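Have a look at data_0.cif below; it lists mmCIF, C-alpha atoms.
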data_coords
#
loop_
_atom_site.label_atom_id
_atom_site.label_comp_id
_atom_site.auth_asym_id
_atom_site.auth_seq_id
_atom_site.Cartn_x
_atom_site.Cartn_y
_atom_site.Cartn_z
CA MET O 20 80.35 2.03 109.04
CA ILE O 21 79.17 1.91 105.45
CA ARG O 22 78.85 5.01 103.52
CA ARG O 23 76.33 5.16 100.84
CA ARG O 24 76.68 7.43 97.93
CA PHE O 25 74.15 7.86 95.27
CA ASP O 26 75.59 7.57 91.78
CA ASN O 27 73.36 7.67 88.70
CA ARG O 28 76.05 6.48 86.23
CA ALA O 29 74.75 2.92 86.44
CA GLU O 30 71.25 4.09 85.57
CA VAL O 31 72.52 5.85 82.43
CA GLY O 32 74.41 2.74 81.32
CA THR O 33 71.41 0.49 81.91
CA SER O 34 69.12 2.89 79.99
CA ALA O 35 71.56 3.04 77.06
CA MET O 36 71.73 -0.77 76.95
CA ILE O 37 67.92 -1.06 76.93
CA VAL O 38 67.65 1.49 74.09
CA PHE O 39 70.38 -0.32 72.11
CA ILE O 40 68.61 -3.69 72.47
CA ALA O 41 65.30 -2.10 71.41
CA ILE O 42 66.94 -0.64 68.28
CA LEU O 43 68.47 -4.03 67.42
CA LEU O 44 65.12 -5.78 67.79
CA ALA O 45 63.29 -3.18 65.69
CA SER O 46 65.91 -3.25 62.91
CA SER O 47 65.89 -7.06 62.77
CA VAL O 48 62.08 -7.07 62.46
CA ILE O 49 62.25 -4.47 59.64
CA ALA O 50 65.02 -6.40 57.84
CA ALA O 51 63.02 -9.63 58.05
CA LEU O 52 59.98 -7.83 56.64
CA ILE O 53 61.99 -6.39 53.71
CA ILE O 54 63.54 -9.77 52.91
CA SER O 55 60.12 -11.44 53.02
CA VAL O 56 58.59 -8.88 50.64
CA GLY O 57 61.56 -9.19 48.25
CA ASP O 58 61.33 -12.97 48.25
CA THR O 59 57.60 -12.84 47.50
CA VAL O 60 58.06 -10.35 44.64
CA PHE O 61 60.84 -12.39 43.00
CA ALA O 62 58.92 -15.65 43.39
CA ARG O 63 55.85 -14.17 41.65
CA THR O 64 58.01 -12.72 38.87
CA GLY O 65 59.52 -16.16 38.22
CA GLU O 66 56.09 -17.78 38.10
CA ASP O 67 54.84 -15.16 35.64
CA ALA O 68 57.87 -15.68 33.41
CA GLN O 69 57.31 -19.45 33.31
CA VAL O 70 53.64 -19.03 32.44
CA SER O 71 54.13 -16.45 29.68
CA SER O 72 57.19 -17.94 27.97
CA HIS O 73 56.95 -19.74 24.64
CA GLY O 74 57.30 -23.49 24.57
CA ASN O 75 60.02 -23.62 21.93
CA LYS O 76 61.52 -20.15 22.25
CA GLY O 77 63.11 -20.51 18.87
CA ILE O 78 63.59 -18.65 15.67
CA ILE O 79 64.61 -19.98 12.31
CA ASN O 80 67.91 -18.79 10.90
CA ILE O 81 67.84 -18.93 7.09
CA VAL O 82 71.34 -19.42 5.70
CA VAL O 83 70.46 -19.91 2.01
CA LEU O 84 67.23 -19.03 0.18
CA GLU O 85 67.44 -19.40 -3.59
CA ILE O 86 65.45 -20.40 -6.66
CA PHE O 87 66.03 -24.12 -7.30
CA ALA O 88 63.78 -24.64 -10.35
CA LEU O 89 61.60 -22.60 -12.72
CA GLY O 90 59.02 -23.95 -15.12
CA ALA O 91 55.89 -26.03 -14.63
CA THR O 92 56.60 -26.26 -10.88
CA ASP O 93 58.78 -23.57 -9.34
CA GLU O 94 60.96 -24.64 -6.41
CA LEU O 95 62.77 -22.75 -3.69
CA HIS O 96 65.79 -24.15 -1.86
CA ILE O 97 66.20 -23.21 1.80
CA VAL O 98 69.14 -24.07 4.07
CA PHE O 99 68.35 -23.25 7.70
CA ASP O 100 69.05 -24.00 11.32
CA LEU O 101 67.20 -23.45 14.60
CA PRO O 102 69.92 -22.11 16.89
CA PHE O 103 67.80 -21.07 19.87
CA ILE O 104 65.41 -23.94 20.46
CA GLU O 105 65.71 -25.66 23.83
CA LYS O 106 64.84 -29.17 22.75
CA ALA O 107 64.22 -31.14 19.58
CA LEU O 108 61.33 -29.71 17.53
CA PRO O 109 58.92 -32.09 15.72
CA GLU O 110 58.75 -31.38 11.98
CA GLU O 111 54.99 -30.75 12.13
CA ASP O 112 55.61 -27.76 14.44
CA LEU O 113 57.34 -25.83 11.65
CA ILE O 114 55.27 -24.46 8.74
CA TRP O 115 55.84 -22.09 5.82
CA ILE O 116 53.58 -19.79 3.79
CA LEU O 117 54.59 -18.06 0.57
CA MET O 118 52.47 -15.10 -0.60
CA CYS O 119 52.81 -13.60 -4.07
CA GLU O 120 50.78 -11.37 -6.37
CA GLY O 121 50.03 -12.74 -9.80
CA VAL O 122 47.57 -12.33 -12.63
CA SER O 123 44.33 -14.32 -12.67
CA GLY O 124 42.75 -15.87 -15.77
CA SER O 125 40.59 -12.76 -16.23
CA GLY O 126 43.65 -10.49 -16.22
CA SER O 127 43.15 -8.97 -12.76
CA ASN O 128 45.74 -9.02 -10.01
CA ILE O 129 45.25 -11.69 -7.37
CA LEU O 130 47.14 -12.78 -4.27
CA TYR O 131 48.29 -16.40 -4.32
CA PHE O 132 49.31 -18.53 -1.34
CA ASP O 133 51.44 -21.64 -1.16
CA THR O 134 51.73 -23.33 2.21
CA GLY O 135 53.22 -26.47 3.71
CA HIS O 136 55.22 -28.00 6.51
CA PHE O 137 58.82 -29.08 6.78
CA GLY O 138 58.10 -32.81 6.52
CA PHE O 139 60.51 -33.26 3.61
CA ALA O 140 63.38 -31.37 5.20
CA THR O 141 66.64 -33.29 5.40
CA THR O 142 70.07 -32.78 6.82
CA LEU O 143 72.65 -31.51 4.35
CA ASP O 144 73.27 -35.13 3.31
CA GLY O 145 69.77 -35.39 1.79
CA ASP O 146 68.32 -33.55 -1.18
CA GLY O 147 65.70 -31.61 0.81
CA LEU O 148 62.75 -33.22 -0.91
CA THR O 149 62.78 -37.00 -1.09
CA SER O 150 65.58 -38.83 0.67
CA LEU O 151 66.42 -39.02 4.38
CA PRO O 152 63.67 -36.75 5.79
CA VAL O 153 64.05 -35.81 9.45
CA VAL O 154 61.37 -36.42 12.04
CA GLU O 155 62.52 -33.68 14.42
CA PHE O 156 64.87 -30.73 14.25
CA LYS O 157 67.69 -30.61 16.79
CA PRO O 158 69.39 -27.45 18.04
CA GLY O 159 72.66 -26.74 16.28
CA ASP O 160 72.05 -28.95 13.21
CA ILE O 161 71.73 -27.51 9.70
CA TYR O 162 68.89 -28.62 7.42
CA ARG O 163 67.67 -28.12 3.88
CA ILE O 164 64.31 -28.24 2.18
CA ARG O 165 63.10 -27.77 -1.38
CA ILE O 166 59.70 -26.10 -1.44
CA GLN O 167 57.55 -26.82 -4.47
CA LEU O 168 55.18 -24.00 -5.38
CA ASP O 169 51.76 -24.88 -6.77
CA GLU O 170 50.09 -21.46 -6.82
CA CYS O 171 52.88 -18.87 -7.11
CA ASP O 172 54.53 -18.54 -10.51
CA LEU O 173 57.85 -16.75 -9.96
CA GLU O 174 58.28 -15.87 -13.64
CA ASN O 175 54.84 -14.20 -14.00
CA LEU O 176 54.57 -11.96 -10.97
CA VAL O 177 52.75 -8.64 -11.02
CA SER O 178 55.24 -7.12 -8.60
CA SER O 179 58.49 -8.71 -7.52
CA LYS O 180 58.31 -6.58 -4.36
CA LYS O 181 55.24 -8.38 -3.05
CA VAL O 182 56.63 -11.87 -2.45
CA ASN O 183 56.84 -12.80 1.23
CA LEU O 184 57.90 -16.01 2.93
CA LEU O 185 56.53 -16.54 6.42
CA ILE O 186 57.91 -19.33 8.61
CA ASP O 187 56.18 -20.12 11.90
CA ILE O 188 57.37 -22.23 14.82
CA LYS O 189 54.45 -23.56 16.86
CA GLY O 190 54.85 -22.21 20.39
CA GLY O 191 57.72 -20.03 19.23
CA SER O 192 58.09 -17.10 16.92
CA SER O 193 57.37 -16.25 13.31
CA SER O 194 59.89 -15.04 10.78
CA GLU O 195 59.01 -13.15 7.62
CA LYS O 196 61.34 -12.63 4.67
CA VAL O 197 60.64 -10.33 1.74
CA LEU O 198 62.04 -12.16 -1.30
CA ARG O 199 64.01 -10.26 -3.91
CA ILE O 200 62.73 -11.99 -7.04
CA GLY O 201 63.53 -9.17 -9.49
CA ASP O 202 62.26 -8.74 -13.05
CA SER O 203 64.03 -11.76 -14.50
CA PRO O 204 64.37 -14.63 -12.02
CA TYR O 205 66.79 -17.46 -12.78
CA VAL O 206 67.77 -20.76 -11.21
CA GLY O 207 70.28 -20.19 -8.41
CA LYS O 208 69.22 -16.59 -7.75
CA ASP O 209 69.75 -15.60 -4.11
CA LEU O 210 66.47 -14.26 -2.70
CA ILE O 211 67.63 -12.73 0.60
#

Write out the structure in this file as structure tokens.
Amino acid sequence: MIRRRFDNRAEVGTSAMIVFIAILLASSVIAALIISVGDTVFARTGEDAQVSSHGNKGIINIVVLEIFALGATDELHIVFDLPFIEKALPEEDLIWILMCEGVSGSGSNILYFDTGHFGFATTLDGDGLTSLPVVEFKPGDIYRIRIQLDECDLENLVSSKKVNLLIDIKGGSSSEKVLRIGDSPYVGKDLI
């Protein structure tokens, strides 16, 4: 004879297992959804950063900025490097503008501009004006250039506080230096 007893312990165990499996499935679906959203957000952020970043990402580091010559044609001597550019920079992508306030022929104050590119820049082996000009600037190298001023007369300025040198890297950043000319400029005077 077989006795049958009703025991509901197996039903409780089976119900607990079903609930546990349901929780595992729900949590794995939620985790997959969170990972998918995170991946999408980070992918879009990376695309935005690539689109909005500058091509050259560089700045110019001026090591020396001094008066090289005074007289009929004033000259500035600049020693610089480009420490943060990613790749070689063509010389035509680097320009300079010098702004100064002088006196016009009629005696009134006028703002003068000299501008140019770095086509005559050389390594430290050259003179910065005529011999051994570079075609492109490489990261980590040090260069020099002598800038000849046609418009600005450093000895006859209205205000020595209003002389600015702006250097611009195409696709990169601009750097502005306020030059300390003083009341009596001389050859070799440090301007920064």

Worksheet item: Once the PyMOL selection byres ((chain O and resi 181) around 12) has been applied to the shown file, what residues remain in the selection, as a list in words?
Response: Leu117, Met118, Cys119, Glu120, Gly121, Asn128, Ile129, Leu130, Tyr131, Phe132, Cys171, Leu173, Leu176, Val177, Ser178, Ser179, Lys180, Val182, Asn183, Leu184, Lys196, Val197, Leu198, Arg199, Ile200 and Gly201 of chain O

Worksheet entry | Two-atom distance - CA of Ser192 in chain O, CA of Asp209 in chain O (Å) |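 The value is 24.1 Å.
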
Worksheet item: Which neighbours of Ser150 in chain O fall inside 12 Å, counting all atoms listed in the file, when residues of the same chain fewer than 6 positions from it are skipped, and could you give them as an MDAnalysis selection string?
Response: chainID O and resid 138:144 163:165

Discussion item. Running the PyMOL selection byres ((chain O and resi 109) around 7) on this model by hand, what would come out? Give it as a PyMOL selection string.
Written reply: chain O and resi 107-108+110-112+154-156

Fill in: Nearby residues (only C-alpha atoms) at most 12 Å from Thr92 in chain O, same-chain spacing under 3 positions excluded, as number ranges by chain
O: 86-89, 95, 133, 165-174

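Picture a line from CA of Thr134 in chain O to CA of Gly190 in chain O; it runs 18.5 Å.
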
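Separating CA of Asp187 in chain O from CA of Ile114 in chain O is a distance of 5.4 Å.
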
Contacts between range 76-82 of chain O and range 118-175 of chain O, please, where a residue of range 118-175 of chain O counts if it comes within 10 Å (with all atoms listed in the file); show its shortest atom pair and distance in Å to one decimal, rows by chain and ascending number, as CSV.
residue,atom,partner,partner_atom,distance
O:Pro158,CA,O:Gly77,CA,9.4
O:Ile161,CA,O:Val82,CA,9.0
O:Tyr162,CA,O:Val82,CA,9.7
O:Arg163,CA,O:Val82,CA,9.6
